[in-house]
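Asker: One structure follows; several queries about it will come next.
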Amino acid sequence: MKETGASPPPRRAKLELLVRHDTAEGFDVREIGSATAFVRSRPQRVPVESWELAEMTSRMAGQPSYILKNTATDRFLLLTEPEKFLWHQMDGQTSLQEIATAYVLRYGAFDFDIIPALMRKLQRAQLLTLTPTSRLRQALARNRRRPVIKAIETGLTALERINVSSRNVHRVFAAAYRWGGFVLFTPAGVIACLLLVVAGLVAGVQLWREGGDIVAGFGGHALQGLITVKLLFFLTLAAHQIVHGLALIHYGRRVREFGFTFLHGFVPTFYVDVTDIFMTSRRARVITAVSGASVHLVLGSAWFLVAQFAPLGSFTQAFAAASGIIQWQAFVIALYPFCFIEMDGYHVLVDLLGMPTLKQEAMSWAGGLVRRGASWRMGRQEAMFAFYVVVSTISVAAFVALNVMLIVHARS
Amino acid sequence: MPSPVETVAFLQEVRLFKDIAEPELTALAGTLRERSLKRGQVLFREGEAGEEMFIVLRGSIVISKPVTGRVEQVLARIGPGDFFGEMSLFDRSPRSATIQSDSDATLLVLDSQALRRLTELSPRAAAAFFHALVQVFIERLRASGDLVAEVTRWGLEATGLDLDGR
């Protein structure tokens with residue numbers, strides 16, 4: 001019998017917790033692994049007045065070093081540049097999982113020991129605390145006595161519990177790739193999609209000219225028609241995530257999880273865990289991000305073709321045209337990075353800029369401006385923050401205005 | 001509701017009663033009451049008064065201890081043949097944990113009067129009962145120690161605390 005000599009990794013501790021329902025007698029029992037709790041924890045550095053950071057000048061060429069001082073205890077730590085980067089991420093709002101992702105985006109590789117090792121160092125120097133919940137949940141918990149807040153908290157908790165997912169999906173995605181999914185990543189598949197998009201674009205332009213007649217196809221039920229279109233569109237979000245998963249298989253990476261949940265407790269969404277793509281090239285990351293969003297472009301084009309060939313002014317034409325618009329809108333939103341939402345386009349942008357926490361830093365910078373007043377002295381980084389905040393604000397306002405206009409137009 | 005014969009047959013499989021002869025067990029079975037629980041129903045909460053112990057006939061029971069708000073730590077899950085609530089049977093102190101059913105469940109209730117009757121009827125049977133009870137106590141005490149160690153390890157792993165280093 002062959003002996004490998006390697007001892008198995010130590011078993012991770014698990015805790016069984018019983019969580020009671022709010023009203024009726026009933027409960028859920030949840031098994032929480034210590035590893036899960038660890039990656040979801042949000043390490044928080046001590047308040048800003050309790051530490052100082054200084055760059056250490058060295059006559060030797062190479063990476064700069066930094067001295068971190070705990071001003072309360074007079075303890076000093078020597079940090080490398082990557083450790084300084086991680087220190088700045090530990091703001092009590094970013095989970096360890098997100099910090100690890102930011103690290104990979106910044107340095108293009110991942111060192112599995114650096115974060116735990118740094119945390120140990122920081123804890124020994126009393127520079128770190130751990131906060132397990134989000135600020136929103138902390139604020140809600142503080143004001144739980146008010147019935148409205150209590151109701152919101154209960155609602156969020158109930159929605160957060162809804163998570164239909166599987167960690168055993170890699171084989172399914174691999175099989176789907178083998179049985180046809182691979183076509184999407186061949187030159188022939190890409191050309192076919194592009195041709196469909198061009199045909200859809202032509203159809204879309206022609207339909208735009210007949211806009212009034214098309215909307216008339218909904219008859220007196222324009223609003224109900226648009227809601228049905230939105231519900232149907234929601235299902236195609238699953239296709240978006242499935243294509244992300246297929247892209248992972250295409251690059252030989254592992255699909256770790258697929259499921260449905262309520263993001264932040266109130267945004268219904270399908271999701272696929274694509275973190276394994278960080279182990280590959282930037283090109284693979286960009287293609288994985290873009291491929292999922294492209295589903296909406298292709299589906300939107302198909303809907304426009306259906307609308308073009310449907311009888312003018314019919315319900316089918318109105319439904320198909322509205323579905324095409326919403327799919328294309330989803331394509332733009334998914335790839336448009338300036339909307340305060342970390343979607344595919346945002347991830348591509350921060351990857352290209354090498355600024356993995358652009359949104360958080362930009363928001364923090366803007367908050368500082370509001371509190372302390374504007375400063376006209378801006379470096380390249382501050383200019384990027386300003387650009388992000390201004391363009392995102394304008395974009396969100398324009399998006400809301402466009403949707404209001406569409407609904408008003410449909411109703412009239 | 002099981003027949004007396006079925007109840008005796010069940011008790012013979014329960015660790016606490018397996019060394020008790022059939023006539024005494026039949027007499028004891030006659031003194032037990034049955035209690036049904038719906039899934040999710042709480043039988044009693046920590047701190048409540050009580051002086052009965054319960055033997056699980058059917059279903060699954062969760063024993064827990066409040067931690068914070070609506071969250072409780074699960075101490076044990078038990079099933080048919082297991083028992084709980086024996087501490088209050090002897091010292092009449094408040095319940096030390098909360099009991100709820102994880103499925104529809106049926107329990108047999110043994111109160112202090114029934115136990116006294118068994119002791120009077122057959123000291124030998126009572127000795128067998130108490131001997132088995134002490135054995136289970138020892139096992140549970142060891143399991144509590146293991147649980148404390150496991151919870152401590154969980155806390156250290158979840159927070160990344162390193163006490164080995166300097």
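Within each chain, counting starts at residue 1; across the structure tokens, chains are named A, B, ... in the order shown, with ligands numbered 1 upward in that order.
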As a list in words, could you give me every residue of chain A near chain B (at most 6 Å apart, counting only C-alpha atoms)?
Answerer: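 Within 6 Å of chain B on chain A, we get Ala13, Glu16, Leu17, Leu18, Val19, Arg20, Glu25, Gly26, Ser34, Ala37, Phe38 and Arg120 of chain A.
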Asker: What does the file look like for those residues with C-alpha atoms, as a short mmCIF file (atom, residue, chain, number, x, y, z; two decimals), in the first residue's frame?
Answerer:
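Once everything was written out, this is result-v2.cif:
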data_model
loop_
_atom_site.label_atom_id
_atom_site.label_comp_id
_atom_site.auth_asym_id
_atom_site.auth_seq_id
_atom_site.Cartn_x
_atom_site.Cartn_y
_atom_site.Cartn_z
CA ALA A 13 -14.79 23.33 14.24
CA GLU A 16 -24.86 24.35 15.73
CA LEU A 17 -27.05 27.36 16.41
CA LEU A 18 -30.80 27.39 16.86
CA VAL A 19 -32.47 30.57 15.59
CA ARG A 20 -36.06 31.11 16.71
CA GLU A 25 -43.28 28.58 17.55
CA GLY A 26 -40.62 27.37 15.21
CA SER A 34 -15.53 28.36 11.77
CA ALA A 37 -17.44 32.70 9.98
CA PHE A 38 -13.80 33.66 9.39
CA ARG A 120 -2.28 37.78 14.00
#
Asker: Can you tell me which residues surround stretch 224-235 of chain A at a distance of at most 9 Å, considering only C-alpha atoms, apart from same-chain residues fewer than 2 positions away, and format the answer as a list in words?
Answerer: Phe218, His221, Ala222, Leu237, Ala238, Ala239, Pro268, Thr269, Phe270, Phe315, Ala318, Phe319, Ala320, Ala322, Ser323, Ile326, Gln327, Ile407 and Ala410 of chain A
Asker: Dump C-alpha atoms for the selected residues as a compact mmCIF listing (two decimals), in the first residue's frame?
Answerer:
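The new file selection-v2.txt reads:
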# COMPACT_ATOMS: atom_id res chain seq x y z
CA PHE A 218 -50.33 46.38 -25.25
CA HIS A 221 -52.77 47.27 -20.27
CA ALA A 222 -49.38 48.82 -20.95
CA LEU A 237 -30.68 36.63 -15.10
CA ALA A 238 -30.14 32.93 -14.39
CA ALA A 239 -28.87 32.51 -17.99
CA PRO A 268 -33.54 39.02 -5.57
CA THR A 269 -30.72 37.60 -7.62
CA PHE A 270 -29.16 34.49 -9.08
CA PHE A 315 -49.44 42.25 -28.50
CA ALA A 318 -45.18 45.02 -28.16
CA PHE A 319 -44.11 42.27 -25.79
CA ALA A 320 -41.06 41.31 -27.87
CA ALA A 322 -40.29 45.73 -24.67
CA SER A 323 -38.35 42.56 -23.82
CA ILE A 326 -35.07 45.66 -21.21
CA GLN A 327 -32.47 43.06 -22.25
CA ILE A 407 -43.47 54.24 -17.95
CA ALA A 410 -46.43 53.61 -21.92
Asker: Please, what distance in Å, to one decimal, runs between atom CA of A:Ala176 and atom CA of A:Leu195?
Answerer: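 Atom CA of A:Leu195 lies 23.8 Å from atom CA of A:Ala176.
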Asker: Return the single residue from A:Gln329, A:Val243, A:Val290, A:Val391 that is closest to A:Gly180, with distances computed using only C-alpha atoms.
Answerer: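 Ranked by minimum distance to A:Gly180, first place goes to A:Val243.
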Asker: For B:Ile78, please output as an mmCIF file with C-alpha atoms, in the first residue's frame all residues within 9 Å (counting only C-alpha atoms; exclusion window: fewer than 3 positions along the same chain).
Answerer:
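Final output, selection-v9.cif:
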data_model
loop_
_atom_site.group_PDB
_atom_site.id
_atom_site.type_symbol
_atom_site.label_atom_id
_atom_site.label_comp_id
_atom_site.auth_asym_id
_atom_site.auth_seq_id
_atom_site.Cartn_x
_atom_site.Cartn_y
_atom_site.Cartn_z
ATOM 1 C CA VAL B 56 -38.195 10.015 23.694
ATOM 2 C CA GLY B 59 -39.250 11.850 16.896
ATOM 3 C CA SER B 60 -36.262 14.128 17.320
ATOM 4 C CA ILE B 61 -35.624 16.595 20.162
ATOM 5 C CA VAL B 62 -33.230 19.561 20.230
ATOM 6 C CA ILE B 63 -31.715 20.668 23.541
ATOM 7 C CA GLY B 81 -34.537 5.797 23.499
ATOM 8 C CA ASP B 82 -32.752 8.925 24.783
ATOM 9 C CA PHE B 83 -33.958 10.885 27.778
ATOM 10 C CA PHE B 84 -33.709 14.385 29.306
#
Asker: Among stretch 55-188 of chain A, which residues carry a DSSP assignment of alpha helix (DSSP H), reported as an MDAnalysis selection string?
Answerer: chainID A and resid 81:89 96:107 114:124 135:142 147:161 170:178 187:188
Asker: Expressed in Å to a single decimal, how great is the separation between atom CA of A:Ile191 and atom CA of A:Ser294?
Answerer: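 Atom-to-atom, atom CA of A:Ile191 and atom CA of A:Ser294 are spaced 12.9 Å apart.
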Asker: Quick one: residues within 10 Å of B:Leu118, only C-alpha atoms counted, chain neighbours fewer than 6 positions away excluded, as a PDB file with N, CA and C atoms, in the first residue's frame?
Answerer:
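Result written to out-v1.pdb:
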ATOM      1  N   GLU B  24     -41.183  -5.727  36.945  1.00  0.00           N
ATOM      2  CA  GLU B  24     -41.024  -4.360  37.467  1.00  0.00           C
ATOM      3  C   GLU B  24     -41.207  -3.325  36.355  1.00  0.00           C
ATOM      4  N   LEU B  25     -40.722  -3.707  35.163  1.00  0.00           N
ATOM      5  CA  LEU B  25     -40.827  -2.782  34.039  1.00  0.00           C
ATOM      6  C   LEU B  25     -42.294  -2.586  33.630  1.00  0.00           C
ATOM      7  N   ALA B  27     -44.793  -2.844  35.666  1.00  0.00           N
ATOM      8  CA  ALA B  27     -45.395  -1.974  36.693  1.00  0.00           C
ATOM      9  C   ALA B  27     -45.023  -0.518  36.434  1.00  0.00           C
ATOM     10  N   LEU B  28     -43.761  -0.290  36.065  1.00  0.00           N
ATOM     11  CA  LEU B  28     -43.297   1.085  35.803  1.00  0.00           C
ATOM     12  C   LEU B  28     -44.012   1.668  34.577  1.00  0.00           C
ATOM     13  N   THR B  31     -47.146   3.463  35.022  1.00  0.00           N
ATOM     14  CA  THR B  31     -47.137   4.782  35.688  1.00  0.00           C
ATOM     15  C   THR B  31     -46.680   5.907  34.757  1.00  0.00           C
ATOM     16  N   SER B 112     -41.582  12.096  39.772  1.00  0.00           N
ATOM     17  CA  SER B 112     -40.909  11.643  40.989  1.00  0.00           C
ATOM     18  C   SER B 112     -41.743  10.600  41.747  1.00  0.00           C
ATOM     19  N   ARG B 124     -33.957  -3.469  43.908  1.00  0.00           N
ATOM     20  CA  ARG B 124     -33.006  -3.984  42.926  1.00  0.00           C
ATOM     21  C   ARG B 124     -33.197  -3.267  41.587  1.00  0.00           C
ATOM     22  N   ALA B 125     -34.470  -3.120  41.175  1.00  0.00           N
ATOM     23  CA  ALA B 125     -34.759  -2.430  39.910  1.00  0.00           C
ATOM     24  C   ALA B 125     -34.319  -0.963  39.992  1.00  0.00           C
ATOM     25  N   ALA B 126     -34.569  -0.352  41.160  1.00  0.00           N
ATOM     26  CA  ALA B 126     -34.178   1.053  41.336  1.00  0.00           C
ATOM     27  C   ALA B 126     -32.664   1.205  41.249  1.00  0.00           C
ATOM     28  N   PHE B 129     -31.607   1.069  37.739  1.00  0.00           N
ATOM     29  CA  PHE B 129     -31.961   2.342  37.083  1.00  0.00           C
ATOM     30  C   PHE B 129     -30.919   3.421  37.407  1.00  0.00           C
TER      31      PHE B 129
END
